[in-house]
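Engineer: Following this line is entry-v8.cif, made up of mmCIF, C-alpha atoms:
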data_structure
#
loop_
_atom_site.label_atom_id
_atom_site.label_comp_id
_atom_site.auth_asym_id
_atom_site.auth_seq_id
_atom_site.Cartn_x
_atom_site.Cartn_y
_atom_site.Cartn_z
CA MET A 1 -27.44 -8.71 10.87
CA GLY A 2 -27.60 -9.52 14.61
CA LEU A 3 -24.78 -10.93 16.68
CA THR A 4 -21.76 -12.89 15.51
CA ALA A 5 -19.16 -14.39 17.85
CA ILE A 6 -15.73 -15.34 16.51
CA VAL A 7 -14.26 -17.77 19.06
CA ASN A 8 -10.97 -19.64 19.51
CA ALA A 9 -9.01 -16.86 17.83
CA ARG A 10 -5.56 -15.46 18.35
CA LEU A 11 -6.32 -11.76 18.50
CA CYS A 12 -3.94 -9.49 16.59
CA ASP A 13 -4.50 -5.99 17.93
CA PRO A 14 -2.05 -3.58 16.21
CA THR A 15 -1.80 -1.58 19.44
CA ALA A 16 -0.64 -4.61 21.46
CA SER A 17 2.84 -6.08 21.65
CA THR A 18 1.82 -9.71 21.19
CA LEU A 19 -1.13 -11.87 20.19
CA SER A 20 -3.71 -12.73 22.84
CA GLU A 21 -6.25 -15.51 23.08
CA GLY A 22 -9.95 -14.83 23.08
CA ALA A 23 -13.17 -14.11 21.27
CA LEU A 24 -14.63 -11.15 19.44
CA LEU A 25 -18.28 -10.18 19.25
CA VAL A 26 -19.76 -8.34 16.29
CA GLU A 27 -23.10 -6.58 16.58
CA ASP A 28 -24.48 -5.40 13.27
CA ALA A 29 -21.59 -3.56 11.58
CA THR A 30 -19.33 -2.90 14.56
CA ILE A 31 -17.15 -4.73 17.06
CA ALA A 32 -19.06 -5.10 20.33
CA ALA A 33 -16.47 -6.77 22.57
CA VAL A 34 -12.96 -8.22 22.37
CA GLY A 35 -11.11 -10.66 24.59
CA ALA A 36 -12.77 -12.52 27.44
CA ALA A 37 -16.23 -11.81 26.08
CA LYS A 38 -19.22 -14.00 26.98
CA VAL A 39 -20.93 -15.36 23.90
CA PRO A 40 -24.63 -14.37 24.02
CA ASP A 41 -27.34 -16.94 23.39
CA GLY A 42 -28.44 -16.93 19.79
CA ALA A 43 -25.24 -15.49 18.40
CA GLU A 44 -23.92 -16.94 15.15
CA ILE A 45 -20.67 -18.73 16.02
CA VAL A 46 -17.57 -18.64 13.83
CA ASP A 47 -14.88 -21.02 15.08
CA ALA A 48 -11.49 -19.47 14.23
CA LYS A 49 -9.75 -22.77 15.03
CA GLY A 50 -6.70 -21.00 16.38
CA MET A 51 -6.21 -18.73 13.37
CA ILE A 52 -5.16 -15.09 13.71
CA LEU A 53 -8.04 -12.61 13.86
CA ALA A 54 -6.93 -9.19 12.65
CA PRO A 55 -8.34 -5.95 11.26
CA GLY A 56 -8.92 -5.97 7.52
CA ILE A 57 -5.95 -4.77 5.50
CA ILE A 58 -6.05 -1.18 4.22
CA ASP A 59 -3.96 -0.93 1.07
CA LEU A 60 -2.63 2.60 0.68
CA GLY A 61 -2.08 3.44 -2.96
CA VAL A 62 -3.60 1.00 -5.48
CA PHE A 63 -4.08 1.80 -9.13
CA ARG A 64 -7.20 -0.22 -9.76
CA THR A 65 -10.27 -1.35 -7.82
CA ASP A 66 -9.82 -5.11 -8.17
CA LYS A 67 -12.21 -6.74 -5.71
CA PRO A 68 -11.44 -10.41 -6.49
CA ALA A 69 -7.76 -9.83 -5.74
CA PHE A 70 -8.50 -7.74 -2.66
CA HIS A 71 -10.90 -10.30 -1.18
CA PHE A 72 -8.35 -13.07 -1.79
CA ALA A 73 -5.78 -11.01 0.06
CA GLY A 74 -7.83 -9.91 3.08
CA ILE A 75 -7.92 -6.29 1.95
CA THR A 76 -11.15 -4.60 3.07
CA ARG A 77 -10.33 -1.03 2.03
CA ALA A 78 -7.99 0.58 -0.46
CA ALA A 79 -6.83 4.11 -1.18
CA LEU A 80 -7.15 4.55 -4.94
CA MET A 81 -4.43 6.55 -6.68
CA PRO A 82 -5.62 9.47 -8.83
CA ASP A 83 -3.94 8.00 -11.94
CA GLN A 84 -7.21 6.87 -13.49
CA SER A 85 -8.84 7.60 -16.81
CA PRO A 86 -9.97 10.31 -16.39
CA VAL A 87 -7.63 11.54 -13.66
CA LEU A 88 -9.33 11.97 -10.25
CA ASP A 89 -9.12 15.76 -10.15
CA GLU A 90 -12.82 16.65 -9.93
CA PRO A 91 -15.32 16.11 -7.08
CA GLY A 92 -17.73 14.17 -9.30
CA LEU A 93 -14.99 11.70 -10.23
CA ILE A 94 -14.05 11.31 -6.55
CA GLN A 95 -17.66 10.50 -5.64
CA HIS A 96 -17.95 7.97 -8.47
CA ALA A 97 -14.71 6.23 -7.46
CA ALA A 98 -15.79 6.02 -3.80
CA ARG A 99 -19.01 4.25 -4.80
CA ALA A 100 -17.25 1.68 -6.97
CA GLY A 101 -16.59 -0.95 -4.32
CA LYS A 102 -19.53 -0.73 -1.95
CA PRO A 103 -21.06 -2.45 -0.09
CA ASP A 104 -18.53 -5.28 0.24
CA PHE A 105 -15.40 -3.19 -0.28
CA TRP A 106 -14.60 0.44 0.40
CA VAL A 107 -12.55 2.61 -1.89
CA HIS A 108 -11.02 5.80 -0.52
CA PRO A 109 -10.04 7.97 -3.49
CA LEU A 110 -6.92 10.12 -3.42
CA GLY A 111 -7.44 13.44 -5.16
CA ALA A 112 -4.93 14.63 -7.74
CA ALA A 113 -2.66 17.38 -6.49
CA THR A 114 -2.69 19.12 -9.87
CA ARG A 115 -5.11 19.10 -12.79
CA GLY A 116 -4.50 16.06 -14.97
CA LEU A 117 -1.50 15.26 -12.73
CA GLU A 118 0.48 17.52 -15.02
CA GLY A 119 2.27 19.35 -12.21
CA ARG A 120 1.20 22.84 -13.23
CA GLU A 121 -2.24 24.00 -12.03
CA LEU A 122 -3.60 23.07 -8.62
CA ALA A 123 -6.71 20.90 -8.54
CA GLU A 124 -9.76 21.84 -6.44
CA MET A 125 -8.66 20.17 -3.24
CA ALA A 126 -11.41 21.61 -1.03
CA LEU A 127 -14.16 20.36 -3.32
CA MET A 128 -12.50 16.97 -3.66
CA LYS A 129 -12.23 16.69 0.12
CA SER A 130 -15.93 17.47 0.44
CA ALA A 131 -16.61 14.76 -2.14
CA GLY A 132 -14.70 12.13 -0.16
CA ALA A 133 -11.01 12.44 -1.04
CA ARG A 134 -8.97 11.21 1.92
CA ALA A 135 -5.66 12.69 0.80
CA ILE A 136 -3.96 14.49 -2.05
CA ALA A 137 -1.46 12.62 -4.22
CA THR A 138 1.00 13.46 -6.96
CA GLY A 139 0.29 10.13 -8.67
CA ARG A 140 3.02 8.20 -10.43
CA ARG A 141 5.01 11.39 -10.93
CA TRP A 142 6.98 13.86 -8.89
CA ILE A 143 6.00 17.53 -9.20
CA ALA A 144 9.08 19.11 -10.74
CA ASP A 145 8.12 22.74 -10.18
CA SER A 146 9.01 23.50 -6.55
CA GLY A 147 6.77 26.57 -6.53
CA VAL A 148 3.77 24.49 -7.54
CA MET A 149 4.66 21.84 -4.96
CA LEU A 150 4.88 24.43 -2.21
CA ARG A 151 1.43 25.76 -3.13
CA VAL A 152 0.07 22.20 -3.08
CA LEU A 153 1.50 21.72 0.40
CA HIS A 154 0.22 25.06 1.73
CA TYR A 155 -3.29 24.41 0.37
CA ALA A 156 -3.32 20.86 1.75
CA ALA A 157 -2.17 22.09 5.16
CA ALA A 158 -5.02 24.60 5.28
CA LEU A 159 -7.44 21.74 4.56
CA ASP A 160 -5.70 19.32 6.97
CA LEU A 161 -5.05 16.88 4.12
CA VAL A 162 -1.97 14.67 3.94
CA VAL A 163 0.01 14.90 0.68
CA ILE A 164 1.18 11.57 -0.75
CA THR A 165 4.17 11.83 -3.04
CA HIS A 166 6.09 9.79 -5.58
CA ALA A 167 9.78 10.10 -4.78
CA GLU A 168 11.79 10.19 -7.98
CA ASP A 169 13.39 13.38 -9.26
CA GLY A 170 11.99 13.48 -12.78
CA GLY A 171 14.97 15.39 -14.13
CA LEU A 172 17.20 12.44 -13.26
CA THR A 173 14.86 9.57 -14.12
CA ALA A 174 13.48 10.73 -17.47
CA ASN A 175 13.34 7.68 -19.80
CA ALA A 176 15.15 5.52 -17.24
CA VAL A 177 13.76 2.03 -16.58
CA ALA A 178 16.37 0.70 -14.14
CA THR A 179 18.73 1.69 -11.38
CA ASP A 180 22.30 2.61 -12.27
CA GLY A 181 24.56 -0.37 -11.63
CA GLU A 182 26.02 -3.58 -12.95
CA THR A 183 22.70 -5.07 -14.05
CA ALA A 184 21.57 -2.03 -16.02
CA SER A 185 25.01 -1.69 -17.64
CA ARG A 186 25.18 -5.36 -18.62
CA LEU A 187 21.70 -5.31 -20.14
CA GLY A 188 22.10 -1.92 -21.79
CA LEU A 189 19.01 -0.52 -20.07
CA PRO A 190 18.44 3.23 -19.67
CA SER A 191 19.08 3.89 -16.00
CA ALA A 192 19.16 6.61 -13.37
CA PRO A 193 21.06 6.96 -10.11
CA ALA A 194 19.33 5.71 -7.00
CA SER A 195 20.02 9.15 -5.54
CA ALA A 196 17.06 10.42 -7.61
CA GLU A 197 14.92 9.18 -4.74
CA ALA A 198 16.83 11.01 -2.03
CA MET A 199 16.84 14.19 -4.15
CA ALA A 200 13.05 14.13 -4.38
CA ILE A 201 12.52 13.28 -0.70
CA ALA A 202 14.93 15.96 0.50
CA ARG A 203 13.14 18.67 -1.47
CA ASP A 204 9.67 17.56 -0.45
CA ILE A 205 10.63 17.37 3.22
CA ALA A 206 12.09 20.88 3.02
CA LEU A 207 8.88 22.20 1.48
CA ALA A 208 6.68 20.28 3.94
CA ARG A 209 8.67 21.82 6.78
CA GLU A 210 8.02 25.26 5.24
CA ALA A 211 4.29 24.63 4.84
CA GLY A 212 3.71 22.61 8.01
CA THR A 213 2.01 19.88 5.99
CA ARG A 214 1.63 16.18 6.67
CA LEU A 215 3.71 14.36 4.05
CA HIS A 216 3.60 10.65 3.21
CA VAL A 217 6.20 9.28 0.81
CA ARG A 218 4.37 6.32 -0.70
CA LEU A 219 7.36 4.16 -1.65
CA VAL A 220 10.83 4.55 -0.21
CA THR A 221 13.40 2.08 -1.52
CA THR A 222 16.93 3.32 -0.77
CA ALA A 223 19.21 3.66 2.24
CA ALA A 224 19.63 7.38 1.54
CA GLY A 225 15.87 7.86 1.35
CA PHE A 226 15.30 6.15 4.69
CA ALA A 227 18.03 8.26 6.30
CA LEU A 228 16.12 11.39 5.30
CA ILE A 229 12.86 10.01 6.66
CA ARG A 230 14.53 9.12 9.97
CA ALA A 231 16.01 12.60 10.27
CA ALA A 232 12.64 14.23 9.52
CA LYS A 233 10.92 12.14 12.16
CA ALA A 234 13.64 12.92 14.70
CA GLU A 235 13.07 16.61 13.97
CA GLY A 236 9.40 16.19 14.76
CA LEU A 237 8.10 16.77 11.24
CA LYS A 238 4.83 15.12 10.24
CA VAL A 239 6.50 12.79 7.75
CA THR A 240 5.63 9.13 7.18
CA CYS A 241 6.63 6.62 4.53
CA GLY A 242 5.76 3.29 3.01
CA THR A 243 7.33 0.54 1.01
CA SER A 244 6.17 -2.67 -0.66
CA PRO A 245 7.29 -6.33 -0.57
CA SER A 246 8.95 -6.03 -3.99
CA TYR A 247 11.69 -3.87 -2.49
CA LEU A 248 12.07 -6.19 0.50
CA PHE A 249 12.45 -9.46 -1.36
CA LEU A 250 13.83 -8.54 -4.81
CA ASN A 251 16.82 -6.61 -6.03
CA ASP A 252 17.76 -5.38 -9.50
CA ALA A 253 19.06 -8.83 -10.44
CA ALA A 254 15.39 -9.77 -10.93
CA VAL A 255 15.41 -7.92 -14.27
CA SER A 256 18.41 -9.87 -15.57
CA ASP A 257 16.31 -11.85 -18.05
CA PHE A 258 14.52 -8.68 -19.24
CA ARG A 259 11.42 -9.90 -17.42
CA THR A 260 8.96 -7.05 -17.63
CA PHE A 261 7.00 -8.26 -14.59
CA ALA A 262 9.94 -6.88 -12.58
CA ARG A 263 9.65 -3.47 -14.24
CA LEU A 264 8.64 -1.17 -11.39
CA SER A 265 8.56 2.50 -10.50
CA PRO A 266 10.70 3.19 -8.53
CA PRO A 267 12.86 0.47 -10.08
CA LEU A 268 14.26 -2.43 -8.10
CA ARG A 269 17.43 -1.39 -6.29
CA ASP A 270 20.72 -3.10 -5.53
CA GLU A 271 21.23 -5.51 -2.65
CA ARG A 272 22.50 -2.84 -0.28
CA ASP A 273 19.31 -0.85 -0.66
CA ARG A 274 17.17 -3.99 -0.35
CA LEU A 275 18.79 -4.76 3.00
CA ALA A 276 18.33 -1.13 4.06
CA THR A 277 14.60 -1.45 3.30
CA ILE A 278 14.32 -4.50 5.57
CA GLU A 279 16.17 -2.62 8.30
CA ALA A 280 13.83 0.36 7.94
CA VAL A 281 10.79 -1.88 8.39
CA ALA A 282 12.36 -3.55 11.41
CA ASP A 283 13.44 -0.35 13.17
CA GLY A 284 10.11 1.44 12.75
CA THR A 285 11.11 3.94 10.06
CA VAL A 286 8.55 2.47 7.65
CA ASP A 287 4.94 3.22 8.61
CA VAL A 288 3.04 1.43 5.84
CA LEU A 289 3.44 -1.77 3.88
CA CYS A 290 1.41 -1.52 0.67
CA SER A 291 0.95 -3.68 -2.41
CA GLY A 292 1.16 -0.97 -5.08
CA HIS A 293 -1.45 -3.12 -6.87
CA ASP A 294 -1.30 -2.26 -10.56
CA PRO A 295 -2.55 -5.16 -12.70
CA ARG A 296 -1.40 -4.85 -16.30
CA GLY A 297 -2.17 -7.10 -19.22
CA PRO A 298 0.02 -8.26 -22.12
CA GLU A 299 -0.60 -5.06 -24.07
CA ASP A 300 1.41 -3.24 -21.38
CA LYS A 301 3.86 -5.98 -20.40
CA ARG A 302 4.53 -8.18 -23.44
CA LEU A 303 6.95 -5.64 -24.86
CA PRO A 304 10.71 -5.04 -24.84
CA PHE A 305 11.73 -4.18 -21.28
CA ALA A 306 12.34 -0.49 -21.95
CA ASP A 307 8.92 -0.15 -23.64
CA ALA A 308 6.88 -2.02 -21.03
CA LEU A 309 4.93 -0.07 -18.44
CA PRO A 310 5.85 -0.33 -14.75
CA GLY A 311 3.63 -2.01 -12.18
CA ILE A 312 2.81 -5.35 -10.58
CA ALA A 313 -0.30 -7.17 -9.44
CA GLY A 314 0.73 -7.00 -5.80
CA ALA A 315 -2.43 -7.47 -3.75
CA GLU A 316 -2.41 -11.27 -3.45
CA THR A 317 1.21 -11.51 -2.35
CA LEU A 318 1.07 -8.65 0.18
CA LEU A 319 -0.01 -10.72 3.20
CA PRO A 320 2.15 -13.85 2.69
CA LEU A 321 5.26 -11.77 2.03
CA ALA A 322 4.55 -9.63 5.11
CA LEU A 323 4.28 -12.88 7.08
CA ASN A 324 7.75 -13.77 5.79
CA LEU A 325 9.06 -10.80 7.78
CA VAL A 326 7.40 -12.25 10.88
CA ARG A 327 8.90 -15.70 10.29
CA GLU A 328 12.32 -14.13 9.81
CA GLY A 329 11.97 -12.33 13.16
CA LYS A 330 12.08 -8.84 11.66
CA ILE A 331 8.66 -7.81 13.01
CA THR A 332 5.89 -9.23 15.20
CA GLU A 333 2.41 -10.12 13.99
CA THR A 334 0.98 -7.04 15.71
CA ARG A 335 3.59 -4.76 14.14
CA MET A 336 2.70 -6.35 10.79
CA MET A 337 -0.94 -5.36 11.23
CA ALA A 338 0.09 -1.85 12.25
CA LEU A 339 1.91 -1.62 8.91
CA LEU A 340 -0.98 -3.14 6.98
CA ALA A 341 -4.01 -1.64 8.71
CA ALA A 342 -3.65 0.69 11.71
CA ASN A 343 -1.08 3.08 10.26
CA PRO A 344 -2.74 3.44 6.83
CA ALA A 345 -6.01 4.17 8.65
CA ALA A 346 -4.36 6.84 10.79
CA ILE A 347 -2.71 8.52 7.79
CA LEU A 348 -6.01 8.61 5.89
CA GLY A 349 -8.05 9.61 8.95
CA LEU A 350 -10.21 6.46 8.85
CA ASP A 351 -12.00 4.93 11.81
CA ALA A 352 -10.69 1.47 10.98
CA GLY A 353 -7.65 -0.77 11.36
CA ARG A 354 -8.15 -1.69 15.01
CA LEU A 355 -9.62 -4.42 17.20
CA ALA A 356 -11.64 -2.46 19.73
CA PRO A 357 -15.28 -2.08 20.80
CA GLY A 358 -17.00 0.43 18.57
CA ALA A 359 -14.65 -0.06 15.62
CA PRO A 360 -16.05 -1.14 12.24
CA ALA A 361 -16.28 -4.92 11.91
CA ASP A 362 -13.79 -5.12 9.05
CA LEU A 363 -11.95 -8.31 9.96
CA ILE A 364 -9.90 -11.14 8.52
CA LEU A 365 -8.96 -14.59 9.72
CA ILE A 366 -5.39 -15.45 8.78
CA ALA A 367 -4.04 -18.98 8.48
CA PRO A 368 -0.36 -17.99 8.74
CA ASP A 369 1.16 -21.35 7.88
CA THR A 370 -1.00 -22.42 4.95
CA PRO A 371 1.35 -23.16 2.04
CA TRP A 372 0.53 -22.15 -1.51
CA ILE A 373 2.40 -21.28 -4.68
CA VAL A 374 2.02 -17.96 -6.47
CA ASP A 375 0.86 -18.70 -10.01
CA SER A 376 0.53 -15.80 -12.43
CA ALA A 377 -1.87 -17.87 -14.58
CA LYS A 378 -4.30 -18.50 -11.73
CA MET A 379 -4.43 -15.22 -9.85
CA ALA A 380 -7.69 -13.62 -8.80
CA ALA A 381 -6.32 -10.26 -9.95
CA ALA A 382 -7.36 -8.61 -13.19
CA ALA A 383 -3.91 -9.53 -14.57
CA GLY A 384 -1.14 -11.86 -13.44
CA ASN A 385 1.85 -9.54 -13.70
CA THR A 386 3.70 -10.67 -10.58
CA PRO A 387 7.48 -10.98 -10.29
CA PHE A 388 6.87 -13.66 -7.63
CA ASP A 389 5.46 -16.23 -10.07
CA LYS A 390 5.99 -19.84 -8.89
CA LEU A 391 7.27 -18.67 -5.50
CA PRO A 392 6.20 -20.98 -2.61
CA VAL A 393 4.67 -18.85 0.16
CA GLN A 394 2.81 -19.36 3.43
CA GLY A 395 -0.24 -17.56 4.74
CA ARG A 396 -3.79 -16.97 3.50
CA ALA A 397 -6.76 -14.88 4.50
CA ARG A 398 -9.36 -17.57 5.22
CA MET A 399 -12.30 -15.31 6.04
CA ILE A 400 -13.01 -11.70 5.26
CA MET A 401 -15.72 -9.67 7.01
CA LYS A 402 -16.70 -6.21 5.79
CA GLY A 403 -19.09 -4.16 7.86
CA GLY A 404 -20.10 -7.19 9.92
CA VAL A 405 -20.93 -9.38 6.91
CA ILE A 406 -18.80 -12.35 5.88
CA ARG A 407 -17.96 -11.94 2.21
#
Please go through the file and, once you have read it, give me the structure as structure tokens.

Structural biologist:
Amino acid sequence: MGLTAIVNARLCDPTASTLSEGALLVEDATIAAVGAAKVPDGAEIVDAKGMILAPGIIDLGVFRTDKPAFHFAGITRAALMPDQSPVLDEPGLIQHAARAGKPDFWVHPLGAATRGLEGRELAEMALMKSAGARAIATGRRWIADSGVMLRVLHYAAALDLVVITHAEDGGLTANAVATDGETASRLGLPSAPASAEAMAIARDIALAREAGTRLHVRLVTTAAGFALIRAAKAEGLKVTCGTSPSYLFLNDAAVSDFRTFARLSPPLRDERDRLATIEAVADGTVDVLCSGHDPRGPEDKRLPFADALPGIAGAETLLPLALNLVREGKITETRMMALLAANPAAILGLDAGRLAPGAPADLILIAPDTPWIVDSAKMAAAAGNTPFDKLPVQGRARMIMKGGVIR
């Protein structure tokens, strides 16, 4: 592959406080130099034309390997949830899933915490780790049996695997499709209290404290949930959390027309919780911003609201909506890339998500001000189920490099 020099870039190193000017050299599949680097004779030149050069996005917790959508979005790696068919609870299935994207995209499978994700019998975590599983996840569901969950956490701790959880107390949310409140009452939708999230997080933190396990709560969406995460971090527990743009830019009013594209799990919350989510991103409580990419076709979404399945095609809107937070002054560009790349890499134990000599050359060029309109009928994703349809946004990934090769 030789040498490639990306010049005239604004370098977005997640470990820095601000952008810096400079160039970046790529030799074969790795970054060779960053900053005031001299461009060697014979190097292939890529003129960044003042665009932002950043590590490729690592999307923690997608439900489908959807390369066209990921390449559009600047996502170079994704952690695949175990909720597949069949469920990723065997080493052979983990190996197959990890091969699915290569060479131009890397999938990092998350092994199921329990067989079939049924919350009863522990899956073979050690074998799945040997096969390539980067973490253990409870999937779309919370493990109701606290004894089983404690055994999951103890086993994961012994293997030095992080456990990624879904934070909704299933006893409270059974059959619910919305958050308790004015919207759910007016529409007559089955609903559950938002406190179902805090109930689940509180129990899982208590058990993680007992087991000494690293715990990542994949989606936190309520003020009460963030308060628990803050307290756990202040105590020194190995607890991290994520959220997605849906909970930053939409509240439960988005389901007022029974629009199933806004049917999510956890459900959209009220305005107070939406504002609390923005605050948690701004104050550093949130570690990861993920898309929750879950493309679903009309067979899953063209149904009455209560019968439709949850999920959105979130990959393509992840970057422009994250840039909205920058434009609003909530975070800096470098903090944005920590949320999108460096922190997911650290949680999964990946050598990626950084601009530094020796790091993998997984890179994107971002044109932060490029305007475009989200159009559910024209998305690169396998399905166009986005609640942001027809929303004007700014920001595109203009180049994506995976392993030193421009894709």

Engineer: Between A:Ile366, A:Ala202, A:Leu248, A:Ala315, which has the minimum distance to Asn385 of chain A (counting only C-alpha atoms)?

Structural biologist: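 Of A:Ile366, A:Ala202, A:Leu248, A:Ala315, the one nearest Asn385 of chain A, counting only C-alpha atoms, is A:Ala315.
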
Engineer: Any chance you could resolve the PyMOL selection byres ((chain A and resi 145) around 12) against this file and give the residues as a VMD selection string?

Structural biologist: chain A and resid 114 118 to 122 141 to 144 146 to 152 169 to 171 200 203 to 204 207

Engineer: If the PyMOL selection byres ((chain A and resi 316) around 9) is run on the structure shown, which residues does it catch, given as a list in words?

Structural biologist: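 When the PyMOL selection byres ((chain A and resi 316) around 9) is applied, the selected residues are Ala69, Phe70, His71, Phe72, Ala73, Gly74, Ser291, His293, Ala313, Gly314, Ala315, Thr317, Leu318, Leu319, Pro320, Val374, Met379, Ala380 and Ala381 of chain A.
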
Engineer: Work out how far atom CA of Arg274 of chain A is from atom CA of Gly181 of chain A, in Å to one decimal.

Structural biologist: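 About the pair atom CA of Gly181 of chain A and atom CA of Arg274 of chain A: they are 14.0 Å apart.
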
Engineer: With a distance cut-off of 6 Å and only C-alpha atoms, select the neighbouring residues of segment 81-89 of chain A, excluding the residue or stretch itself and same-chain residues fewer than 5 positions from it, and output the selection as a PDB file with C-alpha atoms, in the frame of the given file.

Structural biologist:
ATOM      1  CA  GLY A  61      -2.080   3.440  -2.960  1.00  0.00           C
ATOM      2  CA  VAL A  62      -3.600   1.000  -5.480  1.00  0.00           C
ATOM      3  CA  PHE A  63      -4.080   1.800  -9.130  1.00  0.00           C
ATOM      4  CA  LEU A 110      -6.920  10.120  -3.420  1.00  0.00           C
ATOM      5  CA  GLY A 111      -7.440  13.440  -5.160  1.00  0.00           C
ATOM      6  CA  ALA A 112      -4.930  14.630  -7.740  1.00  0.00           C
ATOM      7  CA  ARG A 115      -5.110  19.100 -12.790  1.00  0.00           C
ATOM      8  CA  GLY A 116      -4.500  16.060 -14.970  1.00  0.00           C
ATOM      9  CA  ALA A 123      -6.710  20.900  -8.540  1.00  0.00           C
ATOM     10  CA  GLY A 139       0.290  10.130  -8.670  1.00  0.00           C
TER      11      GLY A 139
END

Engineer: Starting from the displayed file, determine the output of the PyMOL selection byres ((chain A and resi 363) around 6) and express the residue list as a VMD selection string.

Structural biologist: chain A and resid 54 to 56 361 to 362 364 400 to 401

Engineer: Using all atoms listed in the file, can you tell me which of A:Thr332, A:Thr179, A:Thr370, A:Ser185 comes closest to Ala282 of chain A?

Structural biologist: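 Answer, going by the shortest atom-to-atom distance: A:Thr332.
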
Engineer: With only C-alpha atoms as the basis for distance, which of A:Gly358, A:Gly242, A:Gly101, A:Gly311 is at the shortest distance from Ile164 of chain A?

Structural biologist: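 Of the candidates, the smallest distance to Ile164 of chain A is held by A:Gly242.
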
Engineer: Between A:Pro360, A:Ala5, A:Trp106, A:Thr222, which one has atoms that come closest to Gly404 of chain A, using only C-alpha atoms?

Structural biologist: A:Pro360

Engineer: Segment 90-102 of chain A from the block above, N, CA, C and O atoms, as a compact mmCIF listing (two decimals), in the first residue's frame, please?

Structural biologist:
# COMPACT_ATOMS: atom_id res chain seq x y z
N GLU A 90 -22.50 -18.84 20.90
CA GLU A 90 -21.57 -19.94 20.66
C GLU A 90 -20.32 -19.39 19.97
O GLU A 90 -20.41 -18.44 19.18
N PRO A 91 -19.14 -19.99 20.24
CA PRO A 91 -17.91 -19.46 19.64
C PRO A 91 -17.92 -19.47 18.12
O PRO A 91 -17.41 -18.54 17.48
N GLY A 92 -18.51 -20.49 17.50
CA GLY A 92 -18.56 -20.55 16.05
C GLY A 92 -19.35 -19.39 15.47
O GLY A 92 -18.99 -18.82 14.42
N LEU A 93 -20.43 -19.01 16.13
CA LEU A 93 -21.25 -17.89 15.66
C LEU A 93 -20.49 -16.57 15.83
O LEU A 93 -20.61 -15.66 15.01
N ILE A 94 -19.71 -16.47 16.91
CA ILE A 94 -18.90 -15.26 17.12
C ILE A 94 -17.88 -15.13 16.00
O ILE A 94 -17.69 -14.05 15.41
N GLN A 95 -17.20 -16.22 15.68
CA GLN A 95 -16.19 -16.18 14.62
C GLN A 95 -16.81 -15.79 13.28
O GLN A 95 -16.27 -14.98 12.53
N HIS A 96 -17.97 -16.35 12.99
CA HIS A 96 -18.65 -16.04 11.71
C HIS A 96 -19.04 -14.57 11.66
O HIS A 96 -18.84 -13.90 10.63
N ALA A 97 -19.55 -14.04 12.75
CA ALA A 97 -19.96 -12.62 12.77
C ALA A 97 -18.76 -11.70 12.60
O ALA A 97 -18.84 -10.67 11.92
N ALA A 98 -17.63 -12.06 13.21
CA ALA A 98 -16.44 -11.21 13.12
C ALA A 98 -15.89 -11.16 11.70
O ALA A 98 -15.26 -10.17 11.31
N ARG A 99 -16.13 -12.21 10.92
CA ARG A 99 -15.62 -12.23 9.55
C ARG A 99 -16.52 -11.47 8.58
O ARG A 99 -16.11 -11.17 7.45
N ALA A 100 -17.72 -11.13 9.01
CA ALA A 100 -18.75 -10.65 8.08
C ALA A 100 -18.39 -9.35 7.39
O ALA A 100 -18.78 -9.12 6.25
N GLY A 101 -17.62 -8.48 8.04
CA GLY A 101 -17.37 -7.17 7.43
C GLY A 101 -16.04 -7.03 6.74
O GLY A 101 -15.85 -6.10 5.96
N LYS A 102 -15.10 -7.88 7.03
CA LYS A 102 -13.73 -7.69 6.54
C LYS A 102 -13.65 -7.88 5.02
O LYS A 102 -14.46 -8.61 4.46
